Structures are given as structure tokens and as C-alpha cells.
>>> print(open('protein.csv').read())   # CSV, C-alpha atoms
chain,number,residue,atom,x,y,z
K,136,MET,CA,122.2,51.4,147.7
K,137,PRO,CA,119.9,53.9,149.3
K,138,GLN,CA,121.3,55.8,152.3
K,139,LEU,CA,119.8,56.7,155.7
K,140,MET,CA,120.4,60.0,157.6
K,141,THR,CA,120.4,60.2,161.3
K,142,VAL,CA,121.4,62.8,163.9
K,143,THR,CA,123.8,62.0,166.7
K,144,GLY,CA,124.1,64.9,169.1
K,145,SER,CA,124.7,67.9,166.8
K,146,THR,CA,126.2,65.8,164.0
K,147,LEU,CA,124.4,64.6,160.9
K,148,VAL,CA,125.5,61.1,160.1
K,149,ILE,CA,124.9,59.4,156.7
K,150,ALA,CA,124.8,55.7,157.0
K,151,PRO,CA,124.1,53.0,154.4
K,152,ALA,CA,120.8,51.3,154.6
K,153,PRO,CA,120.9,47.7,155.9
K,154,HIS,CA,121.4,45.2,153.2
K,155,PRO,CA,118.0,43.7,152.2
K,156,ARG,CA,117.5,40.1,153.0
K,157,ARG,CA,117.4,37.7,150.1
K,158,PRO,CA,114.1,35.8,149.9
K,159,ARG,CA,114.5,32.3,151.1
K,160,ALA,CA,114.5,29.8,148.2
K,161,ARG,CA,111.3,27.8,148.1
K,162,GLY,CA,111.5,24.0,148.0
K,163,PRO,CA,110.1,22.0,145.0
K,164,TYR,CA,106.8,21.2,146.7
K,165,ALA,CA,106.2,24.8,147.8
K,166,ARG,CA,106.8,25.9,144.2
K,167,LEU,CA,104.5,23.1,143.0
K,168,PHE,CA,101.5,24.1,145.1
K,169,SER,CA,102.0,27.8,144.5
K,170,LEU,CA,100.5,27.2,141.0
K,171,PRO,CA,97.0,28.7,140.7
K,172,GLY,CA,94.4,26.1,141.5
K,173,ALA,CA,96.8,23.4,142.5
K,174,ARG,CA,95.9,23.3,146.1
K,175,ALA,CA,92.2,23.3,145.4
K,176,PHE,CA,92.2,20.4,142.9
K,177,THR,CA,94.6,18.5,145.2
K,178,ALA,CA,92.3,18.8,148.1
K,179,GLY,CA,89.4,17.3,146.1
K,180,ASN,CA,91.8,14.7,144.7
K,181,LEU,CA,92.8,13.5,148.2
K,182,LEU,CA,89.2,13.4,149.5
K,183,ALA,CA,88.1,11.3,146.5
K,184,ARG,CA,91.2,9.1,146.6
K,185,LEU,CA,91.0,8.0,150.2
K,186,PRO,CA,87.9,5.8,149.6
K,187,MET,CA,89.9,3.7,147.1
K,188,GLY,CA,91.5,2.1,150.1
K,189,MET,CA,88.2,1.8,152.0
K,190,PHE,CA,85.7,0.2,149.7
K,191,GLY,CA,87.1,-3.3,149.6
K,192,ILE,CA,87.6,-3.9,153.3
K,193,SER,CA,84.3,-2.1,154.1
K,194,ALA,CA,82.4,-4.4,151.8
K,195,VAL,CA,84.1,-7.5,153.3
K,196,MET,CA,83.4,-6.5,156.9
K,197,MET,CA,79.8,-5.4,156.1
K,198,ILE,CA,78.8,-8.6,154.1
K,199,ALA,CA,80.6,-11.0,156.4
K,200,GLY,CA,79.2,-9.3,159.5
K,201,GLN,CA,75.6,-9.3,158.2
K,202,ARG,CA,75.6,-12.6,156.1
K,203,GLY,CA,78.1,-14.5,158.1
K,204,SER,CA,80.1,-15.6,155.1
K,205,TYR,CA,83.6,-14.5,154.2
K,206,ALA,CA,83.4,-16.6,151.0
K,207,LEU,CA,80.5,-14.5,149.8
K,208,ALA,CA,82.2,-11.3,150.8
K,209,GLY,CA,85.4,-12.3,149.0
K,210,ALA,CA,83.5,-13.3,145.9
K,211,VAL,CA,81.6,-10.0,145.7
K,212,THR,CA,84.8,-7.9,146.1
K,213,ALA,CA,86.7,-10.1,143.6
K,214,THR,CA,83.8,-9.6,141.1
K,215,GLY,CA,84.0,-5.9,141.6
K,216,LEU,CA,87.8,-5.9,141.0
K,217,ALA,CA,87.3,-7.9,137.8
K,218,THR,CA,84.6,-5.6,136.6
K,219,THR,CA,86.8,-2.6,137.3
K,220,ALA,CA,89.5,-4.0,135.2
K,221,LEU,CA,87.1,-4.2,132.3
K,222,VAL,CA,85.2,-0.9,132.8
K,223,ALA,CA,87.9,1.5,134.0
K,224,PRO,CA,89.7,1.9,130.7
K,225,TRP,CA,86.4,2.7,128.9
K,226,THR,CA,85.6,5.3,131.5
K,227,ALA,CA,89.1,6.8,131.1
K,228,ARG,CA,88.7,6.9,127.4
K,229,LEU,CA,85.4,8.9,127.8
K,230,VAL,CA,87.2,11.3,130.1
K,231,ASP,CA,89.9,11.9,127.5
K,232,ARG,CA,87.3,12.3,124.8
K,233,TYR,CA,84.8,14.6,126.5
K,234,GLY,CA,86.6,16.1,129.5
K,235,GLN,CA,87.0,15.3,133.2
K,236,ALA,CA,84.0,17.2,134.6
K,237,ARG,CA,81.6,16.0,131.9
K,238,ILE,CA,82.3,12.3,132.5
K,239,ALA,CA,83.7,12.0,136.0
K,240,VAL,CA,80.6,13.4,137.9
K,241,PRO,CA,78.0,11.1,136.3
K,242,ALA,CA,80.3,8.1,136.5
K,243,THR,CA,80.9,8.9,140.2
K,244,LEU,CA,77.1,9.1,140.8
K,245,ILE,CA,76.6,5.7,139.3
K,246,ALA,CA,79.4,4.3,141.6
K,247,VAL,CA,77.9,6.0,144.7
K,248,LEU,CA,74.4,4.6,143.8
K,249,GLY,CA,76.0,1.1,143.6
K,250,SER,CA,77.5,1.5,147.0
K,251,VAL,CA,74.3,2.7,148.5
K,252,GLY,CA,72.5,-0.2,146.7
K,253,LEU,CA,74.9,-2.6,148.2
K,254,VAL,CA,74.2,-1.3,151.7
K,255,LEU,CA,70.4,-1.6,151.2
K,256,CYS,CA,70.6,-5.1,149.7
K,257,VAL,CA,72.7,-6.3,152.6
K,258,ARG,CA,70.4,-4.7,155.2
K,259,ALA,CA,67.3,-6.1,153.4
K,260,ASN,CA,68.8,-9.6,153.2
K,261,ALA,CA,68.3,-9.5,149.4
K,262,PRO,CA,69.4,-12.4,147.2
K,263,ALA,CA,73.2,-12.8,146.8
K,264,TRP,CA,73.1,-11.8,143.1
K,265,THR,CA,72.0,-8.3,144.1
K,266,LEU,CA,75.2,-7.9,146.1
K,267,PHE,CA,77.2,-8.8,143.0
K,268,ALA,CA,75.2,-6.4,140.8
K,269,SER,CA,75.4,-3.5,143.2
K,270,TYR,CA,79.2,-3.8,143.8
K,271,ALA,CA,79.8,-4.2,140.1
K,272,ALA,CA,78.3,-0.8,139.6
K,273,THR,CA,81.1,0.8,141.6
K,274,ALA,CA,83.4,-0.1,138.7
K,275,THR,CA,82.5,3.2,137.0
K,276,THR,CA,84.5,5.1,139.7
K,277,PRO,CA,86.9,7.3,137.7
K,278,ASN,CA,90.6,7.0,138.1
K,279,ILE,CA,91.1,10.1,140.2
K,280,GLY,CA,94.8,9.5,140.4
K,281,GLY,CA,95.1,9.4,136.7
K,282,MET,CA,93.0,12.6,136.3
K,283,SER,CA,95.1,14.4,138.8
K,284,ARG,CA,98.3,13.4,137.1
K,285,ALA,CA,96.8,14.6,133.8
K,286,ARG,CA,96.2,18.0,135.3
K,287,TRP,CA,99.8,18.2,136.5
K,288,THR,CA,101.0,17.2,133.1
K,289,HIS,CA,98.9,19.9,131.5
K,290,LEU,CA,100.1,22.6,134.0
K,291,LEU,CA,103.8,21.6,133.9
K,292,ARG,CA,104.2,20.6,130.3
K,293,ASP,CA,107.2,23.0,130.0
K,294,SER,CA,108.8,22.1,133.3
K,295,PRO,CA,110.1,18.5,133.4
K,296,ALA,CA,111.7,18.9,136.9
K,297,ALA,CA,108.5,20.2,138.4
K,298,HIS,CA,106.5,17.4,136.6
K,299,HIS,CA,108.8,14.8,138.2
K,300,THR,CA,108.1,16.4,141.6
K,301,ALA,CA,104.3,16.3,140.9
K,302,MET,CA,104.4,12.6,139.9
K,303,SER,CA,106.3,11.8,143.0
K,304,PHE,CA,103.8,13.6,145.2
K,305,GLU,CA,101.0,11.6,143.4
K,306,GLN,CA,102.7,8.3,144.2
K,307,ALA,CA,103.1,9.3,147.8
K,308,ALA,CA,99.4,10.3,147.9
K,309,ASP,CA,98.5,6.8,146.6
K,310,GLU,CA,100.5,5.1,149.3
K,311,LEU,CA,99.1,7.4,152.0
K,312,CYS,CA,95.5,6.8,151.0
K,313,PHE,CA,95.9,3.0,150.7
K,314,MET,CA,97.6,3.0,154.1
K,315,LEU,CA,95.0,5.1,155.9
K,316,GLY,CA,91.9,3.9,154.0
K,317,PRO,CA,91.8,0.3,155.4
K,318,VAL,CA,92.5,1.6,158.9
K,319,ALA,CA,89.6,4.2,158.7
K,320,ALA,CA,87.3,1.6,157.1
K,321,ALA,CA,88.0,-1.0,159.8
K,322,PHE,CA,87.5,1.5,162.6
K,323,LEU,CA,84.2,2.8,161.2
K,324,CYS,CA,82.8,-0.7,160.6
K,325,SER,CA,83.7,-1.9,164.0
K,326,ALA,CA,83.2,1.2,166.2
K,327,ALA,CA,80.1,2.5,164.6
K,328,PHE,CA,78.0,0.1,162.5
K,329,PRO,CA,78.9,-2.4,159.7
K,330,GLU,CA,77.7,-0.1,156.9
K,331,ALA,CA,79.5,3.0,158.2
K,332,GLY,CA,82.7,2.3,156.2
K,333,THR,CA,80.9,2.0,152.8
K,334,LEU,CA,78.6,5.0,153.4
K,335,THR,CA,81.5,7.2,154.5
K,336,ALA,CA,83.6,6.1,151.6
K,337,ALA,CA,80.8,6.9,149.2
K,338,ALA,CA,80.2,10.4,150.7
K,339,LEU,CA,84.0,11.2,150.5
K,340,LEU,CA,84.2,10.0,146.9
K,341,LEU,CA,81.3,12.2,145.8
K,342,THR,CA,82.4,15.2,147.8
K,343,GLY,CA,86.0,15.0,146.6
K,344,MET,CA,85.0,14.4,143.0
K,345,LEU,CA,82.7,17.5,143.0
K,346,VAL,CA,85.5,19.6,144.5
K,347,PHE,CA,88.0,18.3,142.1
K,348,THR,CA,85.9,18.7,138.9
K,349,SER,CA,84.8,22.2,140.0
K,350,GLN,CA,88.3,23.5,139.4
K,351,ARG,CA,87.8,24.0,135.7
K,352,ARG,CA,90.8,26.3,135.1
K,353,THR,CA,93.2,23.5,135.8
K,354,GLU,CA,91.3,20.9,133.7
K,355,PRO,CA,93.3,19.8,130.7
K,356,PRO,CA,91.6,20.6,127.4
K,357,VAL,CA,90.0,17.9,125.3
K,358,SER,CA,92.5,17.1,122.5
K,359,ALA,CA,91.6,17.2,118.9
K,360,HIS,CA,93.7,14.0,118.4
K,361,ARG,CA,91.3,11.7,120.2
K,362,ALA,CA,90.5,9.2,117.5
K,363,GLY,CA,92.5,6.2,116.6
K,364,ARG,CA,93.2,2.8,118.1
K,365,SER,CA,93.6,2.0,121.7
K,366,PRO,CA,97.0,3.0,123.2
K,367,ALA,CA,97.3,-0.6,124.6
K,368,ARG,CA,99.5,-1.7,121.7
K,369,THR,CA,101.8,1.3,122.1
K,370,LEU,CA,102.0,0.7,125.8
K,371,LEU,CA,102.4,-3.1,125.6
K,372,PRO,CA,106.1,-3.2,126.5
K,373,VAL,CA,105.7,-1.1,129.6
K,374,LEU,CA,102.4,-2.7,130.6
K,375,GLY,CA,104.4,-5.9,130.8
K,376,LEU,CA,106.3,-4.2,133.6
K,377,PHE,CA,103.3,-3.3,135.7
K,378,VAL,CA,101.9,-6.8,135.9
K,379,PRO,CA,104.9,-8.2,137.9
K,380,LEU,CA,104.9,-5.1,140.0
K,381,GLY,CA,101.3,-5.9,140.9
K,382,VAL,CA,102.3,-9.5,141.6
K,383,LEU,CA,104.9,-8.1,144.0
K,384,PHE,CA,102.3,-6.0,145.9
K,385,GLY,CA,99.7,-8.8,146.1
K,386,SER,CA,102.0,-11.6,147.1
K,387,MET,CA,103.9,-9.5,149.7
K,388,GLU,CA,100.7,-8.6,151.5
K,389,VAL,CA,99.2,-12.1,151.6
K,390,THR,CA,102.6,-13.7,152.6
K,391,SER,CA,103.2,-11.1,155.4
K,392,ILE,CA,99.7,-11.7,156.8
K,393,ALA,CA,100.2,-15.5,156.8
K,394,HIS,CA,103.7,-15.3,158.2
K,395,LEU,CA,102.7,-13.1,161.1
K,396,GLU,CA,99.6,-15.1,161.9
K,397,ALA,CA,101.6,-18.4,161.9
K,398,ARG,CA,103.9,-17.0,164.5
K,399,GLY,CA,101.1,-15.7,166.7
K,400,LEU,CA,101.7,-12.1,165.7
K,401,GLY,CA,98.5,-11.4,163.9
K,402,ALA,CA,97.8,-8.3,166.0
K,403,ALA,CA,101.0,-6.7,164.5
K,404,THR,CA,99.9,-7.3,160.9
K,405,GLY,CA,98.4,-3.9,160.4
K,406,LEU,CA,101.4,-2.1,161.9
K,407,VAL,CA,103.9,-4.0,159.9
K,408,LEU,CA,102.1,-3.5,156.6
K,409,ALA,CA,101.6,0.1,157.4
K,410,LEU,CA,105.4,0.4,157.8
K,411,GLN,CA,105.8,-0.8,154.2
K,412,ALA,CA,103.3,1.8,152.9
K,413,ALA,CA,104.9,4.5,155.1
K,414,GLY,CA,108.3,3.8,153.7
K,415,SER,CA,107.0,4.1,150.1
K,416,CYS,CA,105.2,7.3,150.9
K,417,ALA,CA,108.3,8.9,152.5
K,418,ALA,CA,110.5,7.7,149.7
K,419,GLY,CA,108.1,9.1,147.1
K,420,LEU,CA,108.2,12.6,148.6
K,421,LEU,CA,112.0,12.5,148.9
K,422,TYR,CA,112.4,11.2,145.4
K,423,GLY,CA,110.3,14.2,144.1
K,424,ALA,CA,112.9,16.6,145.5
K,425,LEU,CA,115.8,14.7,143.9
K,426,PRO,CA,116.8,14.4,140.2
K,427,PRO,CA,115.0,11.4,138.6
K,428,ARG,CA,116.9,8.1,138.1
K,429,THR,CA,116.6,5.8,135.1
K,430,LEU,CA,114.0,3.0,135.3
K,431,ARG,CA,116.7,0.4,135.2
K,432,THR,CA,118.4,1.9,138.2
K,433,CYS,CA,115.2,1.9,140.2
K,434,LEU,CA,114.4,-1.7,139.2
K,435,ILE,CA,117.8,-2.9,140.3
K,436,ALA,CA,117.4,-1.2,143.7
K,437,LEU,CA,113.9,-2.7,144.0
K,438,THR,CA,115.2,-6.2,143.1
K,439,ALA,CA,117.9,-5.9,145.8
K,440,ALA,CA,115.4,-4.6,148.4
K,441,LEU,CA,112.9,-7.3,147.8
K,442,ALA,CA,115.4,-10.0,148.6
K,443,ILE,CA,115.7,-8.7,152.2
K,444,PRO,CA,112.2,-9.6,153.5
K,445,TRP,CA,112.8,-13.3,152.5
K,446,ALA,CA,116.0,-13.4,154.5
K,447,ALA,CA,114.5,-11.5,157.4
K,448,ALA,CA,111.5,-13.8,157.6
K,449,ALA,CA,113.8,-16.8,157.8
K,450,THR,CA,115.2,-15.4,161.1
K,451,GLY,CA,111.8,-15.3,162.8
K,452,SER,CA,112.5,-11.8,164.1
K,453,LEU,CA,109.6,-9.4,163.9
K,454,PRO,CA,111.8,-6.2,164.2
K,455,LEU,CA,114.0,-7.5,161.3
K,456,LEU,CA,111.0,-8.3,159.2
K,457,ALA,CA,109.4,-4.9,159.9
K,458,ALA,CA,112.7,-3.1,158.9
K,459,ALA,CA,113.0,-5.2,155.8
K,460,LEU,CA,109.4,-4.3,154.7
K,461,LEU,CA,110.2,-0.7,155.4
K,462,LEU,CA,113.2,-0.8,153.1
K,463,ALA,CA,111.2,-2.7,150.5
K,464,GLY,CA,108.5,0.0,150.6
K,465,MET,CA,111.1,2.7,150.1
K,466,ALA,CA,112.2,1.0,146.9
K,467,THR,CA,108.8,0.8,145.4
K,468,ALA,CA,107.8,4.5,145.1
K,469,PRO,CA,110.8,5.6,142.9
K,470,THR,CA,110.1,2.6,140.7
K,471,MET,CA,106.4,3.4,140.3
K,472,VAL,CA,107.1,7.1,139.6
K,473,THR,CA,109.7,6.3,137.0
K,474,ALA,CA,107.5,3.6,135.4
K,475,MET,CA,104.6,6.0,135.2
K,476,SER,CA,106.8,8.5,133.5
K,477,ARG,CA,107.4,5.9,130.8
K,478,VAL,CA,103.6,5.7,130.4
K,479,HIS,CA,103.5,9.5,130.0
K,480,ALA,CA,106.2,9.4,127.4
K,481,LEU,CA,104.5,6.7,125.3
K,482,ALA,CA,100.9,7.8,125.7
K,483,PRO,CA,99.3,9.0,122.4
K,484,GLU,CA,98.2,12.6,122.4
K,485,GLY,CA,94.8,13.0,123.9
K,486,ARG,CA,94.8,9.5,125.5
K,487,LEU,CA,96.8,10.1,128.7
K,488,ASN,CA,94.1,9.2,131.2
K,489,GLU,CA,93.3,6.1,129.3
K,490,SER,CA,96.9,5.1,129.1
K,491,MET,CA,97.5,5.6,132.9
K,492,THR,CA,94.3,3.6,133.6
K,493,LEU,CA,95.6,0.7,131.5
K,494,ALA,CA,98.7,0.8,133.7
K,495,VAL,CA,96.6,0.7,136.8
K,496,THR,CA,94.5,-2.2,135.4
K,497,ALA,CA,97.8,-4.1,134.7
K,498,ILE,CA,98.7,-3.5,138.4
K,499,LEU,CA,95.3,-4.8,139.6
K,500,THR,CA,95.7,-7.9,137.4
K,501,GLY,CA,99.1,-8.5,138.9
K,502,ILE,CA,97.8,-8.0,142.5
K,503,ALA,CA,95.1,-10.6,142.0
K,504,LEU,CA,97.6,-13.1,140.5
K,505,GLY,CA,100.1,-12.4,143.2
K,506,ALA,CA,97.6,-12.8,146.0
K,507,ALA,CA,96.3,-16.1,144.6
K,508,ALA,CA,99.8,-17.5,143.9
K,509,ALA,CA,101.0,-16.5,147.4
K,510,GLY,CA,98.0,-18.1,149.0
K,511,THR,CA,98.7,-21.4,147.2
K,512,LEU,CA,102.3,-21.3,148.1
K,513,VAL,CA,101.5,-20.7,151.8
K,514,ASP,CA,99.2,-23.7,151.8
K,515,HIS,CA,101.9,-26.0,150.3
K,516,LEU,CA,105.2,-24.5,151.4
K,517,GLY,CA,104.5,-22.8,154.7
K,518,PRO,CA,104.4,-19.1,155.6
K,519,THR,CA,108.1,-18.2,155.0
K,520,THR,CA,109.2,-19.6,151.7
K,521,PRO,CA,106.5,-17.6,149.7
K,522,TYR,CA,108.5,-14.4,150.4
K,523,ALA,CA,110.5,-15.7,147.4
K,524,LEU,CA,107.6,-14.8,145.2
K,525,PRO,CA,107.9,-10.9,145.6
K,526,ALA,CA,111.6,-11.2,145.0
K,527,ALA,CA,111.0,-13.2,141.9
K,528,ALA,CA,108.4,-10.7,140.7
K,529,ALA,CA,110.9,-7.9,141.2
K,530,LEU,CA,113.4,-9.8,139.1
K,531,THR,CA,110.8,-10.3,136.4
K,532,ALA,CA,110.0,-6.6,136.5
K,533,LEU,CA,113.7,-5.8,136.0
K,534,ALA,CA,113.8,-8.1,133.0
K,535,ALA,CA,110.6,-6.5,131.6
K,536,GLY,CA,111.8,-3.0,132.3
K,537,THR,CA,115.1,-3.7,130.6
K,538,MET,CA,113.3,-4.8,127.5
K,539,ALA,CA,110.9,-1.9,127.6
K,540,THR,CA,113.7,0.6,127.8
K,541,PRO,CA,116.5,-0.6,125.6
K,542,ALA,CA,120.0,0.9,126.1
K,543,LYS,CA,120.7,3.8,123.8
>>> encode(input="protein.csv", output="C-alpha cells")
Amino acid sequence: MPQLMTVTGSTLVIAPAPHPRRPRARGPYARLFSLPGARAFTAGNLLARLPMGMFGISAVMMIAGQRGSYALAGAVTATGLATTALVAPWTARLVDRYGQARIAVPATLIAVLGSVGLVLCVRANAPAWTLFASYAATATTPNIGGMSRARWTHLLRDSPAAHHTAMSFEQAADELCFMLGPVAAAFLCSAAFPEAGTLTAAALLLTGMLVFTSQRRTEPPVSAHRAGRSPARTLLPVLGLFVPLGVLFGSMEVTSIAHLEARGLGAATGLVLALQAAGSCAAGLLYGALPPRTLRTCLIALTAALAIPWAAAATGSLPLLAAALLLAGMATAPTMVTAMSRVHALAPEGRLNESMTLAVTAILTGIALGAAAAGTLVDHLGPTTPYALPAAAALTALAAGTMATPAK
């Protein structure tokens, strides 16, 4: 250890130098975003991802406000969702084959033009079929979450623990954007003008995608192993897990809205649903700092948590229901992170983005089925009993997950 010399009166004193402080250990997220380029592509990713929670409600409020028909608005957005389920895997396949920047930018431009076209057709009182055609064009929107996960996978291919943290962050980002997106869209459409939500979402999507794709040094290279059959057959067991998870999400939202409105608490709907998303976001970030659990463990916890809202709703207590939905949300993020990890493990080389998009498509299919089934149950059984549907969906997901990951 180096020594210091000092003079005290007429005496020369040799004293040891103070012990150097050890640098404070950085947390897993600090290490994650210290990677070159990580912050830049994440900023673009978040900008482009926020509109995913804005487009649907913006279109509904704009069309219903200008045309006076929620039926038309719902049909247009449902058509867009169905078109996305068909188009998104093909867009993802092109991204895997030719690279993110080469495909994502023109695909985003088509989607933005579709959004602008929708605004113009609504304003011009154009025939209804033009609304369907314009909104269907937005189906070319690239899966920005999948492309971001692919970048992390490329950057962290030799660090499983850091990859787990990155996937947990991505799930938390999904929840955050789908929590804030509808709120921002509703505010813009009501406080500014009906088209404000759609136009703002389109601008954010284009800006974020340009920022994201400009970060070329973190873009995963195009794989030479890009030919062959679709990964759908390889992923079929795990895709069977994502459909009931989607049913869970879709049925929970519709049931909660109906339950609260039936009790005269419709004004609290947004807050209560936001609690569920906030619980999932917080749990996702926490899960990223902890060792990963098995898919079966996560699904068992999810199944147990999804039985609580059913019991809480039966009491008629809003605080109990809000707490139950918070706990249910906290159980979903670890399950989604772990399930997506299975997709990563099974995805053929060079087909990662397409594989993740197939998982998202399965979730969207489940959401549509869950929302429709919950609506039917609400009409026939009242607004409380349908809380059994998310619980049943979680149990089905547990069975599907057990079959997809057989015991060693």
C-alpha cells in the first residue's frame, strides 16, 4: 500500500494512505444498460411501443365520435386485429430474412399512411369500406417488442443471467406501454380533437422506429440459416400455452369493466385496470433481478392468483377486488417472461423474430376469444360469475405448459 509523508511540528511522520473505496456493485439493470448502444435502441423501442396501446382506443373514439356508431368503430378495429394476426408473422419473417432496418422502416411507413388515411376518410365522411381498408393497412406495423428482444438476444448470447434480466425488462415495458397508451389516447381524443390520438400515435411510431433502426451496431446480423419451413410446427406446443394466456387477459378486462359498471363504479374502471398492469410491470422488473423460475412454478402461481379476483368480486368490495387484480397482475409478468424464454429456446436459427411474433399472434387470438366469451357470460350469468373464466384459462395454461415442458 502506498504511504504518505507529513510533517507534524519538527517530526516527519509516515502514515499509510487511506484504504481506497471499493466501487459499488452495479445492479443487473445498470449493467444491462451500460452495454454500448443499449440505451439508444431502448429509447426508440419505447417511443415506438407506446402507440401499440393507443391505436385501438384512438380509432374507436375517433370513429364513434365522428360517425356516431360504436358498432362501426368496433368492427373496424376488430378487422384490423384479424388482419394483424395474418400479416404480422409474414412481416416478421421478412425482418429475419433481410434485416430489421431494411424491412421495419418501409413497413412502418405503410402503417403510418394507413393511420393518416383513416383520419382523412373519417373527416371526409368517406364510405365505411375505406375505414376498414385504411385500418387494415396498419397491420404491417413491425413487432417492435420482438425486434428489441432479438437485439438483446444477440448482445447477450453468452450471458444467460443478463438475458433473463433483459427479457424481464421487455415484459415490464410491454405492461407500462399498454397501461399508459390508452390513458394518453383517451386524453388526446377528448381534450384536443378526436383525431389527435391516432395522429400522435402515428408520429410516435414513425419517430421511434427511425431511432430504433438507426442503431445499426446492435442490430442482429441476418442468419445464413433462413430457409426452411415455418417455425410454427416447432413452436406448436408452446403456442398452445399462449392462447389461454390471451384468453385470460381478454376475459379479465371485459369482466372487470362489466362488474364495475354494474355496481355503479364505472368511473373507477381505468384505475382498477391500471393497478393490474402496474402490478405486472413492477413484478416484471423485480423478476429480472432474481434467478429465473421454471415455467411450471410460474404457472402454478398464476393459477392460484387468478382464483382470487373471482372470490373478491363475490364480496362486492372494490378495495378487495383492486388488491386481487394487483396480485393477479404480479403473477402474469414472470409467467410471460418464462414462456417467452421457451420460445427463444425452441426458435429455429435465424427465425427468432418470426417465432416471437407467432407467440404474440397466439396471444391476440386468445384475447379476442376471451373478450367474446366473457361478454357472452356477462349477458347470461351476470357480471361476477365470469371471473371464473380467467381462472379457468390459467388452469388450462398450466395444463398446456406442463405438456410443453415435460419433466426431465
>>> closest_residue(input="protein.csv", among="K:Met196, K:Ala268, K:Leu182, K:Ala397", to="Ala338 of chain K", atoms="all atoms listed in the file")
K:Leu182
>>> residues_near_point(input="protein.csv", point="(82.5, 8.8, 155.1)", cutoff="10 Å", atoms="all atoms listed in the file", output="PyMOL selection string")
chain K and resi 182+185-186+189+319-320+323+331-342
>>> closest_residue(input="protein.csv", among="K:Ala213, K:Cys256, K:Leu400, K:Ala183", to="Ala239 of chain K", atoms="only C-alpha atoms")
K:Ala183
>>> closest_residue(input="protein.csv", among="K:Gly191, K:Gly464, K:Gly517, K:Gly179", to="Pro317 of chain K", atoms="all atoms listed in the file")
K:Gly191
>>> residues_around(input="protein.csv", residues="Thr520 of chain K", least_positions_apart="4", cutoff="9 Å", atoms="only C-alpha atoms", output="ChimeraX atom specification")
/K:390,445,448-449,512-513,516,524
>>> closest_residue(input="protein.csv", among="K:Ile192, K:Ala261, K:Ala528, K:Ala417", to="Ala442 of chain K", atoms="only C-alpha atoms")
K:Ala528
>>> closest_atom_pairs(input="protein.csv", of="segment 272-390 of chain K", to="segment 405-416 of chain K", cutoff="7 Å", atoms="all atoms listed in the file", output="CSV")
residue,atom,partner,partner_atom,distance
K:Ala307,CA,K:Cys416,CA,4.2
K:Glu310,CA,K:Cys416,CA,5.4
K:Leu311,CA,K:Cys416,CA,6.2
K:Met314,CA,K:Ala409,CA,5.9
